[in-house]
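Asker: Let me begin by handing over the structure; questions about it come next.
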Amino acid sequence: MTKYKQNTYGDEIAEVYDQLYSEFDPACIELLAELAGPGPALELGIGTGRIALPLLNRAVPLEGIDASQAMVAKLKAKPRGAEIDVHIGSFEQFAINRRFRLVYVVFNTFFNLPGQDEQVRCFESVSKHLSSDGHFVIEVFVPDLSRYVDFQSVRLIGISDQGIRLDVAQLDPVAQHIDSRHLLVSMEGIRTYPVKLRYAWPSELDLMARTAGLRLQERWGSWSKEPFNRASTKHISVYACAD
Ligand SMILES: C[S@@+](CC[C@H](N)C(=O)[O-])C[C@H]1O[C@@H](n2cnc3c(N)ncnc32)[C@H](O)[C@@H]1O
């Protein structure tokens with residue numbers, strides 16, 4: 001594998017992404033459409049449009065940012081995909097000459113930013129692009145270090161006629177890094193897809209938001225607005241301008 005960069009995950013997985021992750025929670029589209037109102041909305045790490053296209057079909061005008069040309073090419077090839085303006089580059093720091101009613105980053109994509117500095121810079125960029133009544137929505141997992149034994153984990157994701165899916169990962173709890181590979185094992189052979197994440201607890205995200213002039217407005221345990229509690233495995237956090 002070449003050196004891991006901001007476009008590596010997308011470039012490597014683009015070919016199979018829609019096969020692996022075609023589903024979405026309708027409540028996610030409902031909530032994002034509610035927060036977007038008349039728009040416009042901006043998706044960070046828009047990928048192949050799994051969330052953006054259903055949102056566009058709900059008449060929410062939107063744009064996206066993504067580092068991977070390969071992922072964006074998949075989006076553009078889909079019905080209505082060409083209608084979405086996508087800025088190719090990193091969502092760590094960006095400059096778009098307009099403000100958004102909604103900026104959102106889902107499916108743990110925020111953790112693709114490799115360190116605390118990059119994540120703080122992202123909050124700062126988002127803050128500069130939100131309208132005064134705007135919201136920033138993040139969907140990420142709650143870190144669960146009990147999954148790791150000797151800082152390693154191997155998880156079966158599924159077995160089907162197409163093959164076996166596994167995730168293998170190494171944990172660095174000091175840097176808060178997870179270095180993992182999705183493995184697809186089939187009669188054609190074994191394919192691996194690299195994923196590197198820098199995780200953060202909800203409290204750290206809230207502090208990043210505060211340093212960028214945002215404050216936590218809501219935190220739910222699911223897109224259906226279930227309460228966030230100690231059993232929650234992920235959170236949907238909604239930030240608004242602090243003033
Ligand atoms: C897990 S996929 C999510 C795609 C889409 N949001 C979805 O929910 O299906 C993460 C996406 O973020 C993009 N990405 C990762 N790091 C990025 C970065 N630093 N800047 C821009 N895009 C990035 C990847 O190329 C990929 O398309």
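Simple scheme: letters A, B, ... for chains in structure tokens order, numbers from 1 for residues in each chain, numbers from 1 for ligands in the order shown.
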Running DSSP on the backbone, which parts of stretch 139-209 of chain A land in strand (DSSP E or B), as JSON, numbers by chain?

Answerer: {"A": [139, 140, 141, 149, 152, 153, 154, 155, 156, 157, 158, 159, 160, 163, 164, 165, 166, 167, 168, 169, 170, 171, 172, 177, 178, 179, 180, 181, 182, 183, 184, 185, 186, 189, 190, 191, 192, 193, 194, 195, 196, 197, 198]}

Asker: Select the residues contacting ligand 1 at a distance of at most 6 Å, based on only C-alpha atoms and all ligand atoms, then format the selection as a count of residues only.

Answerer: 23

Asker: Please report the interatomic distance between atom CA of A:Pro38 and atom CA of A:Leu130 in Å with one decimal.

Answerer: 13.9 Å

Asker: May I have the residues within 10 Å of A:Leu216 as a PyMOL selection string, using only C-alpha atoms and disregarding those fewer than 4 positions away in the same chain?

Answerer: chain A and resi 135-137+205-207+209-210+237-242

Asker: Take the residues that were just selected and, keeping C-alpha atoms, output them as a tab-separated table (two decimals), in the first residue's frame.

Answerer:
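File out_23.tsv, as written:
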```tsv
chain	number	residue	atom	x	y	z
A	135	HIS	CA	-26.35	23.72	12.41
A	136	PHE	CA	-23.40	21.35	12.25
A	137	VAL	CA	-24.32	17.66	12.59
A	205	LEU	CA	-15.76	17.10	20.36
A	206	ASP	CA	-17.80	19.53	22.46
A	207	LEU	CA	-14.63	21.30	23.56
A	209	ALA	CA	-16.78	23.05	19.07
A	210	ARG	CA	-16.47	25.62	21.84
A	237	SER	CA	-24.53	15.66	17.83
A	238	VAL	CA	-25.97	18.97	16.68
A	239	TYR	CA	-23.91	22.14	17.14
A	240	ALA	CA	-25.08	25.72	16.66
A	241	CYS	CA	-23.43	29.15	16.76
A	242	ALA	CA	-22.60	30.10	20.35
```

Asker: Between A:Tyr199, A:Tyr193, A:Asp167, A:Gly49, which one has atoms that come closest to A:Asp85, using only C-alpha atoms?

Answerer: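 Closest to A:Asp85, using only C-alpha atoms: A:Gly49.
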
Asker: For A:Gln152, list every protein, DNA or RNA residue within 9 Å, evaluated using only C-alpha atoms, and leave out those in the same chain fewer than 2 positions away; present the list as a ChimeraX atom specification.

Answerer: /A:147-150,154,168-171

Asker: So that I can check the surroundings of A:Gly115, please list as a count of residues only every protein, DNA and RNA residue that reaches within 10 Å of it, counting only C-alpha atoms and ignoring chain neighbours fewer than 2 positions away.

Answerer: 14

Asker: Name all residues at most 7 Å from A:Asn108 (count only C-alpha atoms; drop same-chain ones fewer than 3 positions away) and give them as a list in words.

Answerer: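 The contact residues come out as Phe111, Glu139, Val140 and Phe141 of chain A.
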
Asker: Kindly save the residues from that selection, with C-alpha atoms included, as a short mmCIF file (atom, residue, chain, number, x, y, z; two decimals), in the first residue's frame.

Answerer:
```
data_model
loop_
_atom_site.label_atom_id
_atom_site.label_comp_id
_atom_site.auth_asym_id
_atom_site.auth_seq_id
_atom_site.Cartn_x
_atom_site.Cartn_y
_atom_site.Cartn_z
CA PHE A 111 -12.71 10.55 12.50
CA GLU A 139 -22.54 11.18 13.47
CA VAL A 140 -19.73 9.14 15.05
CA PHE A 141 -19.29 6.05 17.21
#
```

Asker: May I ask for the distance between atom CA of A:Gly81 and atom CA of A:Asn57, given in Å to one decimal place?

Answerer: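 Distance between the two atoms: 10.7 Å.
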
Asker: Report as JSON, numbers by chain all protein, DNA and RNA residues lying within 12 Å of A:Ile157, evaluated on only C-alpha atoms, omitting residues in the same chain fewer than 2 positions from it.

Answerer: {"A": [20, 154, 155, 159, 160, 163, 164, 165, 166, 167, 168, 182, 183, 184, 185]}

Asker: For atom CA of A:Ser232 and atom CA of A:Cys122, determine how far apart the two atoms are, in Å to one decimal place.

Answerer: 24.8 Å

Asker: Identify, with DSSP run on backbone atoms, the residues in stretch 12-241 of chain A assigned to alpha helix (DSSP H), and express the list as a compact mmCIF listing (two decimals) with C-alpha atoms, in the first residue's frame.

Answerer:
```txt
# COMPACT_ATOMS: atom_id res chain seq x y z
CA GLU A 12 -9.20 2.10 -2.53
CA ILE A 13 -12.80 1.34 -1.53
CA ALA A 14 -14.69 3.25 -4.26
CA GLU A 15 -15.12 0.15 -6.44
CA VAL A 16 -17.00 -1.78 -3.74
CA TYR A 17 -18.35 0.99 -1.48
CA ASP A 18 -21.95 0.89 -2.73
CA GLN A 19 -21.97 -2.90 -2.57
CA LEU A 20 -20.89 -2.76 1.10
CA PRO A 26 -34.65 6.97 6.54
CA ALA A 27 -34.73 8.82 9.89
CA CYS A 28 -31.30 10.25 9.00
CA ILE A 29 -32.68 11.88 5.85
CA GLU A 30 -35.71 13.07 7.81
CA LEU A 31 -33.62 14.78 10.48
CA LEU A 32 -31.10 16.31 8.06
CA ALA A 33 -33.94 17.63 5.85
CA GLU A 34 -35.61 19.13 8.93
CA LEU A 35 -32.40 20.92 9.97
CA ALA A 36 -31.55 22.01 6.41
CA ALA A 52 -26.69 13.34 -0.33
CA LEU A 53 -28.85 11.91 -3.12
CA PRO A 54 -31.86 11.03 -0.92
CA LEU A 55 -31.52 14.51 0.61
CA LEU A 56 -31.44 16.10 -2.84
CA GLN A 69 -11.98 11.59 -7.15
CA ALA A 70 -12.86 7.90 -7.40
CA MET A 71 -15.71 8.19 -4.87
CA VAL A 72 -17.02 11.36 -6.50
CA ALA A 73 -16.94 9.74 -9.96
CA LYS A 74 -19.35 7.09 -8.60
CA LEU A 75 -21.65 9.84 -7.29
CA LYS A 76 -21.59 11.74 -10.58
CA GLN A 116 -6.72 16.67 17.11
CA ASP A 117 -5.25 19.66 15.23
CA GLU A 118 -6.93 18.64 11.97
CA GLN A 119 -10.23 18.02 13.77
CA VAL A 120 -10.10 21.43 15.51
CA ARG A 121 -9.37 23.09 12.14
CA CYS A 122 -12.43 21.36 10.68
CA PHE A 123 -14.67 22.78 13.43
CA GLU A 124 -13.18 26.23 12.72
CA SER A 125 -13.85 25.93 8.99
CA VAL A 126 -17.41 24.75 9.60
CA SER A 127 -18.02 27.64 12.01
CA LYS A 128 -16.95 30.13 9.30
CA HIS A 129 -19.40 28.57 6.81
CA PRO A 202 -18.14 13.30 22.84
CA SER A 203 -16.71 15.64 25.50
CA GLU A 204 -13.60 16.30 23.39
CA LEU A 205 -15.76 17.10 20.36
CA ASP A 206 -17.80 19.53 22.46
CA LEU A 207 -14.63 21.30 23.56
CA MET A 208 -13.40 21.52 19.95
CA ALA A 209 -16.78 23.05 19.07
CA ARG A 210 -16.47 25.62 21.84
CA THR A 211 -13.00 26.69 20.72
```

Asker: From the set A:Ile138, A:Gly39, A:Val105, A:Thr192, which residue has the shortest atom-to-atom contact distance to A:Ala59, counting only C-alpha atoms?

Answerer: A:Gly39

Asker: Between A:Val60, A:Ile88, A:Ile178, A:Ile236, which is the closest to A:Pro143 once you count only C-alpha atoms?

Answerer: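 Smallest distance to A:Pro143 is found for A:Ile178.
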